[in-house]
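Novice: For reference, the structure I am asking about is given below.
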Amino acid sequence: MSQRNSLRTMPDENGHYGIFGGRFVAETLMPLILDLERAYEEVKKDEGFWKELDGWFKDYVGRPSPLYYAERLTEHFGGAKIYFKREELNHTGSHKINNTVAQVLLAKRMGKTRIIAETGAGQHGVATATVASRLGLPCIVYMGAKDIERQQPNVFRMRLLGAEVRPVTSGSHTLKDAMNEALRDWVTNVHDTFYVIGSVAGPHPYPAMVRDFQSVIGREAKQQILEKEGRLPDVLVAAVGGGSNAMGLFHPFLDDEVRLIAVEAAGDGIETGRHAAAMAAGTPGVLHGSRSYLLQDQDGQVIEPHSISAGLDYPGVGPEHSWLKDQGRLEIAPITDAETLEAFQLCGKLEGILPALECAHALAHVAKIAPGMDRDQIILLNLSGRGDKDIFAVAEHLGVKL
Amino acid sequence: MSERIQKRFAALAAEGRAGLVTYLCAGDPDAETSLALIRGLPGAGVDLIEIGMPFSDPMADGPAIQAGNLRAIAGGMTLNGVLELVRRFRSDDQTTPVVLMGYYNPVHRMGKERFIAAAVEAGVDGLIMVDLPPEEDEEFCLPAKEAGLDFIRLATPTTDDKRLPVVLQNASGFIYYVSITGITGSAAPVADLVGQAVRRIKSATTLPVAVGFGIRTPEQAAAIARNADAAVVGSALVDLVATNLDQDGKARPGLVEAVHGLVRELAAGVRGARA
């Protein structure tokens, strides 16, 4: 074990993770991305920045988030002990705020005066709008028109927080198009604007930077499980769209003997073609500034993804996930919309927790593996968001009129 | 190094005028109309033809060219189809330089070696790859140049004096100066600022400088042509394609003539600019 090279040293100086990653952006953005990289390298070494961030985590976000033993689900499945990392208890209801606090603080340091973001489920948009409001910066959030429809509560929340939500009607009207539109905004407003990317995607340094900001999840979880169980978990499970909650949990464990399972949205089923499982069913491609696994057709056109969860409805995935998959370090598990809805309801009934549809995917996979594991084994699941935002979408799928 | 591009800019310099470069998306709205459009461009006064390789997610493009890309894809255009279009154009025009513009993913998917070989064989002279900055040169720029294709680099208002040498390092054919910070077809460039920028770039390279983004009218093209070696027009032509479609998105009679009509006006503007 100790002989193996560490998997935690990526990326290289050009932002590559093996063949993945990189900086595939228009020249207009290159100077900005290089600026951001310099600024990030500076704060990385600046203890004052991390101390300031810790203060925000503690008093504003509400960290550390608890590690919770899901006793009734454990009994129900009759196998491994199940723990939830309760990221849904953070301010704004998901892990997204870990990254937005850090990026907006960085934006302030860089003297930027305007914040833009893309959002899928709206969690990243809400988290960005929240911090921008707190730090007194104007915030514009790009959101696919289709997502606006299925995530109305979050749209209203962002507006209440003073953000402008701009509907995106190009392409498939979802997350990838929102990201295209945010990039178009950035290329137009280069002088004053900071683009807060919400996932471990995009051009270097975003995937590494977002990972570093989200790694607080895994660092805490590691300490907490050692306190509670005196040992590391056997399996970590997290849902992957772009992959920020999964990378945040996994990264501190990469060199440990712990299985890592990335759960992807299989939509109606991989075989139907209507899904968002980039690693399970995609091929390497270049989109939104980096090379990663991508859902694309034979001609390199991006395939419109499908998932019940707006937060996973993305045709790509982070470059580091792609690399870890190829290294054989990540296991990939596809979970369908139907399996997700079942897990969503089960969690509410047994644990009194409505998980976001994103992490309900991860829970649905836990339902598959826990029964076959021993009772002294441990599964740690990242409960990355709360499901309040999803109740209208779930009601519709269950045929209930609210 | 493409001879056609070099010769064309040398001829323009000898004539003492700037050139007109036009962008149309291959296969917009369909392959045959697209071929008719492209075939007629030299006769209408175009000096260098830029052809878009359609992509589902054209991140640096405004609404007009996004729509053109999507129409082309819906019409069945593929990267092989783009190369076939160039091949057919080349069968009766050996002199007009053709540059393909687009995003890397379709090329990546085809395989860069395969694409480069096919592009050379089809008669392509140069490439403009929007999302391949100098930082990724080893990926594609260097192999493409080795095969004899020009790699046309974009310089932008954010390309400062420190950045410019990086941009110029592996550039060939010509430099494409993006006249605004923004997407294609958005704000109009300010001619004076563009003039300054062109002079700055020309002081650092012997390559010709073409200017594009936001140029829509003969008057704007003329203003740019006073300082630059060429003016590039795209969105205005793609918009004209869009307005000449029927309800089903099919080309209406007169589409090709309408586009060539605007091209003629633009060419007249460019040709008269320094008179």
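Please note that chains go A, B, ... in the order of the structure tokens, that every chain numbers its residues from 1, and that ligands are numbered from 1 in the order shown.
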Taking only C-alpha atoms into account, what are the residues of chain A at most 10 Å from chain B, put as a PDB file with C-alpha atoms, in the first residue's frame?
Specialist:
```pdb
ATOM      1  CA  ASN A  14      -0.801  22.456 -17.162  1.00  0.00           C
ATOM      2  CA  GLY A  22      -6.445  20.974 -19.633  1.00  0.00           C
ATOM      3  CA  ARG A  23      -7.488  24.456 -20.720  1.00  0.00           C
ATOM      4  CA  PHE A  24      -9.655  24.235 -23.818  1.00  0.00           C
ATOM      5  CA  VAL A  25     -10.998  27.776 -23.895  1.00  0.00           C
ATOM      6  CA  ALA A  26     -11.151  30.729 -26.259  1.00  0.00           C
ATOM      7  CA  GLU A  27      -8.137  33.011 -26.279  1.00  0.00           C
ATOM      8  CA  THR A  28     -10.172  35.873 -24.777  1.00  0.00           C
ATOM      9  CA  LEU A  29     -10.504  33.836 -21.589  1.00  0.00           C
ATOM     10  CA  MET A  30      -6.934  32.554 -21.389  1.00  0.00           C
ATOM     11  CA  PRO A  31      -5.448  35.600 -19.636  1.00  0.00           C
ATOM     12  CA  LEU A  32      -8.301  35.455 -17.108  1.00  0.00           C
ATOM     13  CA  SER A 170     -30.225  27.572 -26.281  1.00  0.00           C
ATOM     14  CA  GLY A 171     -29.492  23.867 -26.856  1.00  0.00           C
ATOM     15  CA  SER A 172     -31.292  21.506 -24.495  1.00  0.00           C
ATOM     16  CA  LYS A 176     -24.657  22.375 -20.152  1.00  0.00           C
ATOM     17  CA  ASP A 177     -26.365  25.244 -21.939  1.00  0.00           C
ATOM     18  CA  MET A 179     -22.578  26.768 -18.651  1.00  0.00           C
ATOM     19  CA  ASN A 180     -22.218  27.783 -22.325  1.00  0.00           C
ATOM     20  CA  GLU A 181     -24.130  30.954 -21.580  1.00  0.00           C
ATOM     21  CA  ALA A 182     -22.089  31.756 -18.467  1.00  0.00           C
ATOM     22  CA  LEU A 183     -18.909  31.354 -20.541  1.00  0.00           C
ATOM     23  CA  ARG A 184     -20.388  33.725 -23.133  1.00  0.00           C
ATOM     24  CA  ASP A 185     -21.068  36.256 -20.392  1.00  0.00           C
ATOM     25  CA  TRP A 186     -17.550  35.893 -19.042  1.00  0.00           C
ATOM     26  CA  VAL A 187     -15.967  36.358 -22.463  1.00  0.00           C
ATOM     27  CA  THR A 188     -18.000  39.554 -22.814  1.00  0.00           C
ATOM     28  CA  ASN A 189     -17.385  40.976 -19.323  1.00  0.00           C
ATOM     29  CA  VAL A 190     -13.759  40.060 -18.835  1.00  0.00           C
ATOM     30  CA  HIS A 191     -12.697  43.047 -16.811  1.00  0.00           C
ATOM     31  CA  THR A 283     -16.165   8.459 -24.402  1.00  0.00           C
ATOM     32  CA  PRO A 284     -13.366  10.990 -23.876  1.00  0.00           C
ATOM     33  CA  GLY A 285     -14.222  14.382 -25.356  1.00  0.00           C
ATOM     34  CA  VAL A 286     -13.636  18.095 -24.943  1.00  0.00           C
ATOM     35  CA  LEU A 287     -16.366  20.343 -23.570  1.00  0.00           C
ATOM     36  CA  HIS A 288     -16.446  23.427 -21.353  1.00  0.00           C
ATOM     37  CA  GLY A 289     -12.707  23.806 -21.145  1.00  0.00           C
ATOM     38  CA  SER A 290     -11.480  20.338 -20.323  1.00  0.00           C
ATOM     39  CA  ARG A 291     -11.185  16.817 -21.636  1.00  0.00           C
ATOM     40  CA  LEU A 294     -18.544  12.917 -22.409  1.00  0.00           C
ATOM     41  CA  GLN A 296     -21.422  12.414 -27.554  1.00  0.00           C
ATOM     42  CA  ASP A 297     -22.460  10.905 -30.852  1.00  0.00           C
ATOM     43  CA  GLN A 298     -20.181   9.438 -33.517  1.00  0.00           C
ATOM     44  CA  ASP A 299     -19.617  12.874 -34.971  1.00  0.00           C
ATOM     45  CA  GLY A 300     -18.554  14.500 -31.720  1.00  0.00           C
ATOM     46  CA  GLN A 301     -21.829  16.334 -31.132  1.00  0.00           C
ATOM     47  CA  VAL A 302     -22.790  16.461 -27.480  1.00  0.00           C
ATOM     48  CA  ILE A 303     -25.807  14.300 -26.648  1.00  0.00           C
ATOM     49  CA  GLU A 304     -28.498  15.917 -24.567  1.00  0.00           C
TER      50      GLU A 304
END
```
Novice: DSSP on the backbone: which residues in segment 1-118 of chain A end up as helix (DSSP H, G or I)? Give the answer as JSON, numbers by chain.
Specialist: {"A": [27, 28, 29, 30, 31, 32, 33, 34, 35, 36, 37, 38, 39, 40, 41, 42, 43, 44, 47, 48, 49, 50, 51, 52, 53, 54, 55, 56, 57, 58, 59, 60, 61, 71, 72, 73, 74, 75, 76, 77, 87, 88, 89, 91, 92, 93, 96, 97, 98, 99, 100, 101, 102, 103, 104, 105, 106, 107, 108, 109]}
Novice: Which residues are close to segment 28-32 of chain B, i.e. within 7 Å by only C-alpha atoms, leaving aside same-chain residues fewer than 6 positions away? Reply as a list in words.
Specialist: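 Once the adjacent positions are removed, what remains is Gly68, Arg71, Ala72, Gly75, Met77, Lys250 and Ala251 of chain B.
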Novice: Kindly give the distance, in Å, that separates atom CA of Glu220 of chain A and atom CA of Pro252 of chain A, rounded to a single decimal.
Specialist: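 Calculated distance between atom CA of Glu220 of chain A and atom CA of Pro252 of chain A is 9.5 Å.
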Novice: Report as a list in words all protein, DNA and RNA residues lying within 9 Å of Gly148 of chain B, evaluated on only C-alpha atoms, omitting residues in the same chain fewer than 4 positions from it.
Specialist: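 The neighbour list is Met1, Ser2, Val120, Asp125, Gly126, Pro143 and Ala144 of chain B.
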Novice: My list of candidates is B:Val46, B:Val86, B:Ala118, B:Met101. Which is closest to Arg8 of chain B when distances are computed with only C-alpha atoms?
Specialist: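 Distance minimum relative to Arg8 of chain B lands on B:Val46.
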Novice: Could you list, as number ranges by chain, every residue within 12 Å of segment 235-237 of chain B, counting only C-alpha atoms and ignoring same-chain residues fewer than 2 positions away?
Specialist: B: 21-25, 28, 37-38, 41, 52, 61-69, 183-188, 212-218, 220-221, 232-233, 239-244, 255-266
Novice: How would you write, as number ranges by chain, the set of residues in segment 224-340 of chain A that DSSP gives as strand (DSSP E)?
Specialist: A: 235-240, 259-267, 283-287, 289-294, 330-336
Novice: Deliver the residues from the most recent selection as a file, using C-alpha atoms, as a compact mmCIF listing (two decimals), in the first residue's frame.
Specialist:
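Written file, part.txt:
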```txt
# COMPACT_ATOMS: atom_id res chain seq x y z
CA VAL A 235 -17.00 2.05 0.96
CA LEU A 236 -17.65 5.69 0.10
CA VAL A 237 -20.65 6.37 -2.12
CA ALA A 238 -21.55 9.66 -3.78
CA ALA A 239 -23.61 10.84 -6.72
CA VAL A 240 -21.76 12.31 -9.68
CA ARG A 259 -13.69 1.51 -2.15
CA LEU A 260 -14.93 4.61 -3.96
CA ILE A 261 -18.23 4.37 -5.83
CA ALA A 262 -19.39 7.15 -8.13
CA VAL A 263 -23.10 6.86 -8.79
CA GLU A 264 -24.23 8.24 -12.13
CA ALA A 265 -27.72 9.13 -13.31
CA ALA A 266 -28.96 6.34 -15.58
CA GLY A 267 -32.24 8.18 -16.29
CA THR A 283 -16.17 8.46 -24.40
CA PRO A 284 -13.37 10.99 -23.88
CA GLY A 285 -14.22 14.38 -25.36
CA VAL A 286 -13.64 18.09 -24.94
CA LEU A 287 -16.37 20.34 -23.57
CA GLY A 289 -12.71 23.81 -21.15
CA SER A 290 -11.48 20.34 -20.32
CA ARG A 291 -11.19 16.82 -21.64
CA SER A 292 -13.24 14.27 -19.78
CA TYR A 293 -15.71 11.49 -20.38
CA LEU A 294 -18.54 12.92 -22.41
CA LEU A 330 -13.30 4.67 -9.08
CA GLU A 331 -16.15 2.21 -9.44
CA ILE A 332 -19.00 3.53 -11.54
CA ALA A 333 -22.60 2.65 -10.71
CA PRO A 334 -25.55 3.80 -12.81
CA ILE A 335 -28.88 4.35 -11.03
CA THR A 336 -32.18 4.99 -12.82
```
Novice: Hey, which of B:Lys7, B:Arg90, B:Arg199, B:Arg271 ends up closest to Glu219 of chain B? Count only C-alpha atoms.
Specialist: B:Arg271
Novice: Which is closer to Val211 of chain B than all the others in B:Leu193, B:Ala231, B:Glu138, B:Gly81, using only C-alpha atoms?
Specialist: B:Ala231
Novice: Taking only C-alpha atoms into account, name the residue in A:Asp35, A:Glu229, A:Asp376, A:Asp256 that is nearest to Leu7 of chain A.
Specialist: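 Nearest to Leu7 of chain A: A:Asp256.
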Novice: Just how far from atom CA of Met53 of chain B is atom CA of His173 of chain A, in Å to one decimal?
Specialist: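 A separation of 22.3 Å between them.
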Novice: Atom CA of Gly372 of chain A to atom CA of Asp234 of chain A: how many Å, to one decimal?
Specialist: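 Distance reported for this atom pair: 13.1 Å.
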